[in-house]
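Colleague: My file is my_file.cif. It has mmCIF, C-alpha atoms and all ligand atoms:
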data_work
loop_
_atom_site.label_atom_id
_atom_site.label_comp_id
_atom_site.auth_asym_id
_atom_site.auth_seq_id
_atom_site.Cartn_x
_atom_site.Cartn_y
_atom_site.Cartn_z
CA MET A 1046 9.46 23.76 -3.55
CA CYS A 1047 11.13 24.47 -6.92
CA ASN A 1048 14.63 24.31 -5.53
CA PRO A 1049 16.77 23.96 -8.69
CA LEU A 1050 19.39 21.93 -6.86
CA VAL A 1051 16.80 19.38 -5.82
CA LEU A 1052 15.47 19.13 -9.36
CA VAL A 1053 18.93 18.75 -10.91
CA THR A 1054 19.88 16.11 -8.38
CA ALA A 1055 16.67 14.20 -9.00
CA LEU A 1056 17.14 14.46 -12.76
CA LEU A 1057 20.70 13.16 -12.64
CA ALA A 1058 19.63 10.34 -10.38
CA SER A 1059 16.78 9.36 -12.65
CA LEU A 1060 19.10 9.33 -15.66
CA ALA A 1061 21.53 7.13 -13.76
CA SER A 1062 18.74 4.79 -12.74
CA VAL A 1063 17.83 4.02 -16.35
CA ARG A 1064 20.78 1.66 -16.45
CA GLY A 1065 19.81 -0.03 -13.19
CA HIS A 1066 17.05 -2.42 -12.29
CA GLY A 1067 13.90 -1.04 -10.76
CA TYR A 1068 11.17 -0.53 -8.18
CA VAL A 1069 7.45 0.13 -7.94
CA GLN A 1070 6.95 3.80 -8.82
CA GLU A 1071 3.16 4.05 -8.54
CA ILE A 1072 0.27 2.10 -7.04
CA ASN A 1073 -3.26 2.30 -8.43
CA ILE A 1074 -6.24 0.93 -6.53
CA GLY A 1075 -9.68 1.78 -7.88
CA SER A 1076 -9.52 5.47 -8.75
CA ALA A 1077 -6.77 6.19 -6.21
CA ALA A 1078 -3.18 6.67 -7.36
CA TYR A 1079 -0.31 6.61 -4.87
CA THR A 1080 3.24 7.54 -5.81
CA GLY A 1081 5.72 4.90 -4.69
CA TYR A 1082 8.78 5.58 -2.56
CA LEU A 1083 11.13 7.24 -5.07
CA PRO A 1084 14.65 6.54 -3.84
CA TYR A 1085 16.33 9.04 -6.19
CA SER A 1086 14.22 12.06 -5.28
CA ASP A 1087 12.24 11.57 -2.04
CA PRO A 1088 15.32 11.76 0.24
CA TYR A 1089 16.23 15.18 -1.19
CA TYR A 1090 13.04 16.84 0.02
CA ASN A 1091 12.66 18.27 3.48
CA PRO A 1092 10.24 17.19 4.73
CA PRO A 1093 10.18 14.04 2.57
CA PRO A 1094 6.90 13.28 0.76
CA GLN A 1095 4.64 10.89 2.66
CA ARG A 1096 4.34 7.50 0.94
CA ILE A 1097 2.43 4.29 1.54
CA VAL A 1098 5.57 2.34 0.52
CA ARG A 1099 8.35 1.60 2.98
CA LYS A 1100 11.66 3.25 2.19
CA ILE A 1101 14.10 1.54 -0.20
CA PRO A 1102 17.75 2.46 -0.80
CA GLY A 1103 17.68 2.44 -4.62
CA ASN A 1104 16.96 0.27 -7.62
CA GLY A 1105 19.40 -2.49 -6.75
CA PRO A 1106 18.75 -5.99 -5.42
CA VAL A 1107 19.11 -7.90 -2.18
CA THR A 1108 20.98 -11.18 -2.68
CA ASP A 1109 21.67 -12.46 0.85
CA LEU A 1110 18.68 -14.54 1.96
CA THR A 1111 19.59 -14.24 5.64
CA LEU A 1112 19.29 -10.45 5.87
CA ILE A 1113 16.27 -8.47 7.12
CA ASP A 1114 16.78 -6.52 3.89
CA LEU A 1115 14.97 -9.36 2.11
CA GLN A 1116 11.73 -8.31 3.80
CA CYS A 1117 11.01 -4.87 2.37
CA ASN A 1118 14.23 -4.05 0.48
CA GLY A 1119 16.87 -2.28 2.48
CA ASP A 1120 20.55 -1.89 2.90
CA SER A 1121 20.92 -2.47 6.59
CA ALA A 1122 24.72 -2.37 6.31
CA ASP A 1123 24.33 1.20 5.10
CA GLY A 1124 21.65 2.20 7.59
CA VAL A 1125 18.64 1.97 5.26
CA VAL A 1126 16.20 -0.32 7.00
CA GLY A 1127 13.54 -1.04 4.38
CA SER A 1128 11.23 -2.52 6.98
CA ALA A 1129 10.87 0.78 8.82
CA PRO A 1130 7.19 1.82 8.69
CA ALA A 1131 5.96 4.36 6.16
CA PRO A 1132 3.94 7.26 7.62
CA ILE A 1133 0.66 6.62 5.76
CA TYR A 1134 -1.33 3.79 4.17
CA ALA A 1135 -3.93 3.35 1.45
CA THR A 1136 -7.25 3.70 3.22
CA SER A 1137 -10.44 1.84 2.38
CA VAL A 1138 -9.31 -0.86 -0.01
CA PRO A 1139 -12.28 -3.24 -0.30
CA ALA A 1140 -11.35 -6.94 -0.15
CA GLY A 1141 -11.51 -8.24 -3.72
CA SER A 1142 -9.97 -5.06 -5.17
CA GLN A 1143 -7.41 -5.20 -7.91
CA VAL A 1144 -4.10 -3.60 -7.03
CA HIS A 1145 -1.99 -2.32 -9.93
CA LEU A 1146 1.72 -1.97 -9.29
CA ASN A 1147 3.55 0.21 -11.80
CA TRP A 1148 7.21 -0.80 -12.11
CA THR A 1149 9.94 1.33 -13.59
CA THR A 1150 11.06 -0.07 -16.95
CA TRP A 1151 12.41 -3.51 -16.20
CA PRO A 1152 15.57 -4.75 -17.98
CA ASP A 1153 14.83 -7.52 -20.52
CA THR A 1154 17.71 -9.59 -19.19
CA HIS A 1155 16.37 -9.73 -15.63
CA VAL A 1156 13.90 -12.56 -16.13
CA GLY A 1157 12.14 -14.21 -13.22
CA PRO A 1158 8.97 -14.63 -11.18
CA MET A 1159 6.76 -12.00 -9.56
CA ILE A 1160 5.42 -12.96 -6.14
CA THR A 1161 3.10 -11.20 -3.70
CA TYR A 1162 2.58 -11.80 0.01
CA MET A 1163 0.50 -10.04 2.65
CA ALA A 1164 0.78 -9.74 6.45
CA LEU A 1165 -1.83 -8.46 8.91
CA ALA A 1166 -0.58 -5.75 11.26
CA PRO A 1167 -1.54 -6.60 14.86
CA SER A 1168 -1.88 -2.87 15.60
CA ASP A 1169 -1.12 0.48 13.92
CA ILE A 1170 0.68 -0.35 10.67
CA THR A 1171 2.61 2.92 10.76
CA GLN A 1172 4.34 1.57 13.87
CA TRP A 1173 4.60 -2.11 12.97
CA VAL A 1174 7.87 -3.87 12.22
CA PRO A 1175 7.32 -7.62 11.58
CA GLY A 1176 10.96 -8.55 12.26
CA THR A 1177 11.53 -12.26 11.75
CA SER A 1178 8.02 -13.30 12.83
CA ALA A 1179 6.18 -15.75 10.58
CA VAL A 1180 3.32 -13.47 9.50
CA TRP A 1181 3.40 -13.60 5.69
CA PHE A 1182 1.06 -15.53 3.38
CA LYS A 1183 1.25 -15.68 -0.40
CA VAL A 1184 -1.63 -14.16 -2.37
CA ALA A 1185 -0.31 -14.28 -5.94
CA GLU A 1186 2.53 -15.71 -7.97
CA ALA A 1187 3.59 -15.91 -11.60
CA GLY A 1188 6.72 -17.60 -12.94
CA LYS A 1189 7.42 -19.03 -16.39
CA THR A 1190 4.56 -20.07 -18.66
CA SER A 1191 4.65 -23.39 -20.52
CA ASP A 1192 5.65 -21.49 -23.65
CA GLY A 1193 8.63 -19.92 -21.88
CA LYS A 1194 7.31 -16.44 -21.05
CA TRP A 1195 8.53 -14.99 -17.76
CA ALA A 1196 6.31 -12.89 -15.49
CA SER A 1197 9.12 -10.38 -15.65
CA THR A 1198 10.14 -9.27 -18.15
CA ASP A 1199 7.94 -10.71 -20.93
CA ILE A 1200 4.49 -10.34 -19.37
CA LEU A 1201 5.27 -7.23 -17.32
CA SER A 1202 6.53 -5.38 -20.40
CA ALA A 1203 3.56 -6.50 -22.50
CA ASP A 1204 1.34 -4.99 -19.77
CA ASP A 1205 3.06 -1.57 -19.88
CA SER A 1206 5.05 -2.40 -16.72
CA ILE A 1207 1.84 -2.80 -14.70
CA TYR A 1208 1.56 -5.90 -12.52
CA THR A 1209 -1.93 -6.60 -11.20
CA PHE A 1210 -3.09 -8.84 -8.39
CA THR A 1211 -6.35 -9.16 -6.47
CA ILE A 1212 -6.79 -8.83 -2.71
CA PRO A 1213 -8.57 -12.07 -1.71
CA ALA A 1214 -12.30 -11.29 -1.79
CA SER A 1215 -13.10 -12.86 1.57
CA LEU A 1216 -10.01 -11.61 3.44
CA LYS A 1217 -10.86 -10.16 6.82
CA ALA A 1218 -10.58 -6.42 7.26
CA GLY A 1219 -7.47 -4.86 8.78
CA GLN A 1220 -4.22 -3.09 8.06
CA TYR A 1221 -1.93 -5.15 5.89
CA ILE A 1222 1.55 -4.93 4.43
CA ILE A 1223 1.72 -6.13 0.83
CA ARG A 1224 5.18 -7.56 0.18
CA HIS A 1225 5.64 -7.73 -3.57
CA GLU A 1226 8.81 -8.82 -5.34
CA ILE A 1227 10.50 -9.61 -8.60
CA ILE A 1228 13.22 -12.25 -8.35
CA ALA A 1229 15.68 -11.72 -11.22
CA LEU A 1230 17.33 -14.99 -12.23
CA HIS A 1231 19.83 -13.91 -14.89
CA VAL A 1232 22.78 -14.93 -12.68
CA ALA A 1233 20.97 -17.51 -10.53
CA SER A 1234 22.76 -20.68 -11.65
CA VAL A 1235 24.49 -20.67 -8.25
CA TYR A 1236 23.72 -19.19 -4.81
CA PRO A 1237 24.17 -16.34 -4.13
CA GLY A 1238 23.03 -15.15 -7.50
CA ALA A 1239 19.27 -14.64 -7.65
CA GLN A 1240 18.41 -10.96 -7.15
CA PHE A 1241 15.46 -9.98 -4.95
CA TYR A 1242 13.61 -6.72 -5.51
CA PRO A 1243 10.96 -6.59 -2.78
CA SER A 1244 8.84 -3.67 -1.71
CA CYS A 1245 6.32 -3.23 1.08
CA ILE A 1246 3.07 -1.32 0.59
CA GLN A 1247 0.76 -0.40 3.47
CA ILE A 1248 -3.02 -0.69 2.99
CA GLN A 1249 -6.23 -0.85 4.97
CA VAL A 1250 -8.48 -3.67 3.75
CA THR A 1251 -12.20 -3.16 4.38
CA GLY A 1252 -15.23 -5.42 4.13
CA SER A 1253 -17.10 -8.07 6.07
CA GLY A 1254 -14.89 -11.03 5.07
CA THR A 1255 -13.78 -13.46 7.73
CA ALA A 1256 -11.16 -15.52 5.88
CA PHE A 1257 -7.61 -15.65 7.16
CA PRO A 1258 -4.86 -18.17 6.45
CA THR A 1259 -3.52 -20.57 9.05
CA SER A 1260 0.05 -20.94 7.87
CA PHE A 1261 2.65 -18.26 7.49
CA VAL A 1262 6.29 -17.72 6.57
CA SER A 1263 8.90 -15.23 7.70
CA PHE A 1264 11.24 -12.90 5.77
CA PRO A 1265 14.05 -13.68 6.11
CA GLY A 1266 13.39 -17.40 6.51
CA ALA A 1267 10.96 -18.35 3.74
CA TYR A 1268 13.74 -18.79 1.20
CA THR A 1269 17.00 -20.68 1.61
CA PRO A 1270 19.71 -21.51 -0.93
CA THR A 1271 18.09 -24.95 -1.42
CA THR A 1272 14.48 -23.74 -1.79
CA PRO A 1273 13.32 -24.79 -5.29
CA GLY A 1274 13.57 -21.87 -7.72
CA ILE A 1275 16.32 -19.96 -5.91
CA VAL A 1276 19.03 -21.64 -7.97
CA TYR A 1277 17.93 -22.04 -11.59
CA ASP A 1278 19.80 -21.68 -14.87
CA VAL A 1279 17.50 -19.64 -17.09
CA TYR A 1280 19.71 -20.09 -20.13
CA THR A 1281 19.82 -23.89 -20.20
CA ASN A 1282 16.95 -25.18 -18.08
CA THR A 1283 13.91 -25.85 -20.22
CA SER A 1284 11.89 -27.52 -17.42
CA ALA A 1285 9.08 -25.86 -15.55
CA TYR A 1286 10.23 -23.22 -13.10
CA PRO A 1287 9.27 -23.91 -9.46
CA ILE A 1288 8.20 -20.61 -7.88
CA PRO A 1289 9.83 -20.26 -4.43
CA GLY A 1290 7.85 -20.11 -1.22
CA PRO A 1291 4.57 -21.61 -0.01
CA ALA A 1292 1.44 -22.22 -2.06
CA VAL A 1293 -0.95 -19.33 -2.64
C1 LIG B 1301 3.44 4.46 -14.42
O1 LIG B 1301 3.83 5.53 -13.58
C2 LIG B 1301 4.56 6.56 -14.25
C3 LIG B 1301 5.05 7.53 -13.19
O2 LIG B 1301 3.99 7.99 -12.42
C4 LIG B 1301 3.62 7.20 -15.27
O3 LIG B 1301 4.31 8.19 -15.97
C5 LIG B 1301 3.14 6.13 -16.24
O4 LIG B 1301 2.21 6.68 -17.13
C6 LIG B 1301 2.49 4.98 -15.48
N1 LIG B 1301 2.17 3.91 -16.42
C7 LIG B 1301 0.94 3.58 -16.74
C8 LIG B 1301 0.79 2.51 -17.77
O5 LIG B 1301 -0.03 4.10 -16.23
C1 LIG B 1302 16.03 -27.44 -13.92
O1 LIG B 1302 15.27 -26.89 -12.87
C2 LIG B 1302 14.59 -27.85 -12.09
C3 LIG B 1302 13.74 -27.09 -11.11
O2 LIG B 1302 14.52 -26.22 -10.32
C4 LIG B 1302 15.61 -28.74 -11.40
O3 LIG B 1302 14.95 -29.71 -10.63
C5 LIG B 1302 16.46 -29.40 -12.44
O4 LIG B 1302 17.49 -30.14 -11.81
C6 LIG B 1302 17.08 -28.37 -13.37
N1 LIG B 1302 17.73 -29.05 -14.48
C7 LIG B 1302 19.03 -28.94 -14.72
C8 LIG B 1302 19.54 -29.68 -15.93
O5 LIG B 1302 19.78 -28.29 -14.00
CU CU B 1303 20.41 -5.64 -12.53
#
Could you rewrite the structure in this file as structure tokens?
Modeller:
Amino acid sequence: MCNPLVLVTALLASLASVRGHGYVQEINIGSAAYTGYLPYSDPYYNPPPQRIVRKIPGNGPVTDLTLIDLQCNGDSADGVVGSAPAPIYATSVPAGSQVHLNWTTWPDTHVGPMITYMALAPSDITQWVPGTSAVWFKVAEAGKTSDGKWASTDILSADDSIYTFTIPASLKAGQYIIRHEIIALHVASVYPGAQFYPSCIQIQVTGSGTAFPTSFVSFPGAYTPTTPGIVYDVYTNTSAYPIPGPAV
């Protein structure tokens, strides 16, 4: 376990990542804490630690809205398919629970919205790959407040890098992927420019709820270069920011 080479490699990688962007490093639901997929140390362990988060290549963004990489964060050109299932999931998450997503320190410059979707797995989530099917519905969103505060970085930093959303209280039970993202807009005055930092978290929702949405979007597909909020000049535009994607 205490292989010095592994530790040194992980340490160097974590130092290097300070200058980068970020990812969800921990998930807290009720009293349960789950370590996120840690791209700078998990791959160096054999066997790799089991996570509830689908694999990501690093702390960098996806910028091409047409790629499958936009779904769960991947680098398909380099063989890292972020949508590949994770081996485990958070069990017994009652509908109505708060989910706390602990981000690595987010750069002040990378302002933008934080958006959360869910998708119901038709069968075993540890085998399910949504592909380009329209299965996603939005459960939470936060953009720019009327006094100019961005969800990331202003509000996220003020909350100790913890983003919180609530699983809809009446949502029907089942295995769901949570697709959560920050969209960084610091170079989004043209397309491509906006940077997408999605991650996919596997959970089992419990309860006796019966509610389920009737309209869904796909990833890729939900966002195009002309979707409001994909191109936006954060330095000059003082108008309200239109959060991309469907209504919650
Ligand atoms: C976020 O997770 C990191 C890594 O597990 C931990 O050190 C830190 O205390 C967590 N932040 C909060 C506010 O709990
Ligand atoms: C500011 O952003 C809004 C919403 O995206 C857009 O409609 C508007 O054209 C932008 N204003 C300028 C001056 O670019
Ligand atoms: Cu960056």
Colleague: How many Å separate CA of Asn1147 in chain A from CA of Tyr1208 in chain A?
Modeller: 6.5 Å
Colleague: Compute the distance from (2.2, -20.9, -3.9) to each atom, counting only C-alpha atoms, keep the residues with any atom at most 9 Å away, and return them as a ChimeraX atom specification; use the coordinates of the file.
Modeller: /A:1160,1183-1186,1288-1293
Colleague: Set out as a tab-separated table a contact list for chain A and ligand LIG 1301 (chain B) with a cut-off of 12 Å, giving each residue of chain A that qualifies its closest atom pair and distance in Å to one decimal, counting only C-alpha atoms and all ligand atoms, ordered by chain and rising residue number.
Modeller:
residue	atom	partner	partner_atom	distance
A:Ser1059	CA	B:LIG1301	C3	11.9
A:Tyr1068	CA	B:LIG1301	O1	10.9
A:Val1069	CA	B:LIG1301	O1	8.6
A:Gln1070	CA	B:LIG1301	O1	5.9
A:Glu1071	CA	B:LIG1301	O1	5.3
A:Ile1072	CA	B:LIG1301	O1	8.2
A:Asn1073	CA	B:LIG1301	O5	8.6
A:Ile1074	CA	B:LIG1301	O5	11.9
A:Ala1078	CA	B:LIG1301	O2	8.9
A:Tyr1079	CA	B:LIG1301	O2	8.8
A:Thr1080	CA	B:LIG1301	O2	6.7
A:Gly1081	CA	B:LIG1301	O2	8.5
A:Tyr1082	CA	B:LIG1301	O2	11.2
A:Leu1083	CA	B:LIG1301	C3	10.1
A:His1145	CA	B:LIG1301	O5	9.2
A:Leu1146	CA	B:LIG1301	C1	8.4
A:Asn1147	CA	B:LIG1301	C1	5.0
A:Trp1148	CA	B:LIG1301	C1	6.9
A:Thr1149	CA	B:LIG1301	C1	7.3
A:Thr1150	CA	B:LIG1301	C1	9.2
A:Leu1201	CA	B:LIG1301	C8	10.7
A:Ser1202	CA	B:LIG1301	C8	10.1
A:Ala1203	CA	B:LIG1301	C8	10.5
A:Asp1204	CA	B:LIG1301	C8	7.8
A:Asp1205	CA	B:LIG1301	C8	5.1
A:Ser1206	CA	B:LIG1301	C8	6.6
A:Ile1207	CA	B:LIG1301	C8	6.2
A:Tyr1208	CA	B:LIG1301	C8	9.9
A:Thr1209	CA	B:LIG1301	C8	11.6
Colleague: Tell me, as JSON, numbers by chain, which residues lie within 12 Å of Ser1284 in chain A, counting only C-alpha atoms; anything in the same chain fewer than 4 positions away does not count.
Modeller: {"A": [1189, 1190, 1191, 1192, 1193, 1274, 1277, 1278, 1279, 1280]}
Colleague: Could you build a table of the residues in chain A lying no more than 10 Å from ligand CU 1303 (chain B), giving for each the nearest pair of atoms and their separation in Å rounded to one decimal place, using all atoms listed in the file, ordered by chain and ascending residue number, as CSV?
Modeller:
residue,atom,partner,partner_atom,distance
A:Arg1064,CA,B:CU1303,CU,8.3
A:Gly1065,CA,B:CU1303,CU,5.7
A:His1066,CA,B:CU1303,CU,4.7
A:Gly1067,CA,B:CU1303,CU,8.2
A:Asn1104,CA,B:CU1303,CU,8.4
A:Gly1105,CA,B:CU1303,CU,6.7
A:Pro1106,CA,B:CU1303,CU,7.3
A:Trp1151,CA,B:CU1303,CU,9.1
A:Pro1152,CA,B:CU1303,CU,7.3
A:Asp1153,CA,B:CU1303,CU,9.9
A:Thr1154,CA,B:CU1303,CU,8.2
A:His1155,CA,B:CU1303,CU,6.5
A:Ala1229,CA,B:CU1303,CU,7.8
A:Leu1230,CA,B:CU1303,CU,9.8
A:His1231,CA,B:CU1303,CU,8.6
A:Val1232,CA,B:CU1303,CU,9.6
A:Gln1240,CA,B:CU1303,CU,7.8
A:Tyr1242,CA,B:CU1303,CU,9.8
Colleague: Using only C-alpha atoms, which of the listed residues (A:Asn1118, A:Ser1137, A:Asn1091, A:Thr1271) sits closest to Ala1218 in chain A?
Modeller: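 Nearest to Ala1218 in chain A: A:Ser1137.
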Colleague: To one decimal place, how far is atom C5 of ligand LIG 1302 (chain B) from CA of Ser1234 in chain A in Å?
Modeller: 10.8 Å
Colleague: How far is it from CA of Ile1170 in chain A to CA of Arg1096 in chain A, in Å with one decimal?
Modeller: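 Distance between the two atoms: 13.0 Å.
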Colleague: Nearest to ligand LIG 1302 (chain B) among A:Ala1233, A:Ala1196, A:Cys1245, A:Val1098, with distances taken over all atoms listed in the file: which residue is it?
Modeller: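 Ranking A:Ala1233, A:Ala1196, A:Cys1245, A:Val1098 by distance to ligand LIG 1302 (chain B), first place goes to A:Ala1233.
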Colleague: Tell me, as a count of residues only, which residues lie within 12 Å of Ala1122 in chain A, counting all atoms listed in the file; anything in the same chain fewer than 2 positions away does not count.
Modeller: 12
Colleague: Using only C-alpha atoms and all ligand atoms, pick whichever of A:Leu1216, A:Val1250, A:Ile1222, A:Val1235 has the shortest atom-to-atom distance to ligand LIG 1302 (chain B).
Modeller: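 Among the listed residues, A:Val1235 lies closest to ligand LIG 1302 (chain B).
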Colleague: Considering only C-alpha atoms and all ligand atoms, state which residue in the set A:Pro1084, A:Ser1215, A:Gly1188, A:Thr1251 is at the smallest distance from ligand LIG 1302 (chain B).
Modeller: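 Once distances to ligand LIG 1302 (chain B) are computed over only C-alpha atoms and all ligand atoms, the minimum belongs to A:Gly1188.
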Colleague: Please write as a list in words the list of polymer residues whose atoms come within 6 Å of (1.6, -11.3, 4.5), counting all atoms listed in the file and keeping to the coordinates of the file.
Modeller: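 Taken together, the residues in range are Tyr1162, Met1163, Ala1164, Val1180, Trp1181 and Phe1182 of chain A.
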Colleague: To test the calculation: enclose all listed atoms of ligand LIG 1302 (chain B) in a box whose edges run along x, y and z, add 3 Å on each side, then state centre and edge lengths in Å to one decimal, as JSON.
Modeller:
{"center_x": 16.8, "center_y": -28.2, "center_z": -13.1, "size_x": 12.0, "size_y": 9.9, "size_z": 11.6}
Colleague: Taking only C-alpha atoms and all ligand atoms into account, name the residue in A:Pro1287, A:Gly1157, A:Pro1213, A:Gly1252 that is nearest to ligand LIG 1302 (chain B).
Modeller: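 Of A:Pro1287, A:Gly1157, A:Pro1213, A:Gly1252, the one nearest ligand LIG 1302 (chain B) is A:Pro1287, counting only C-alpha atoms and all ligand atoms.
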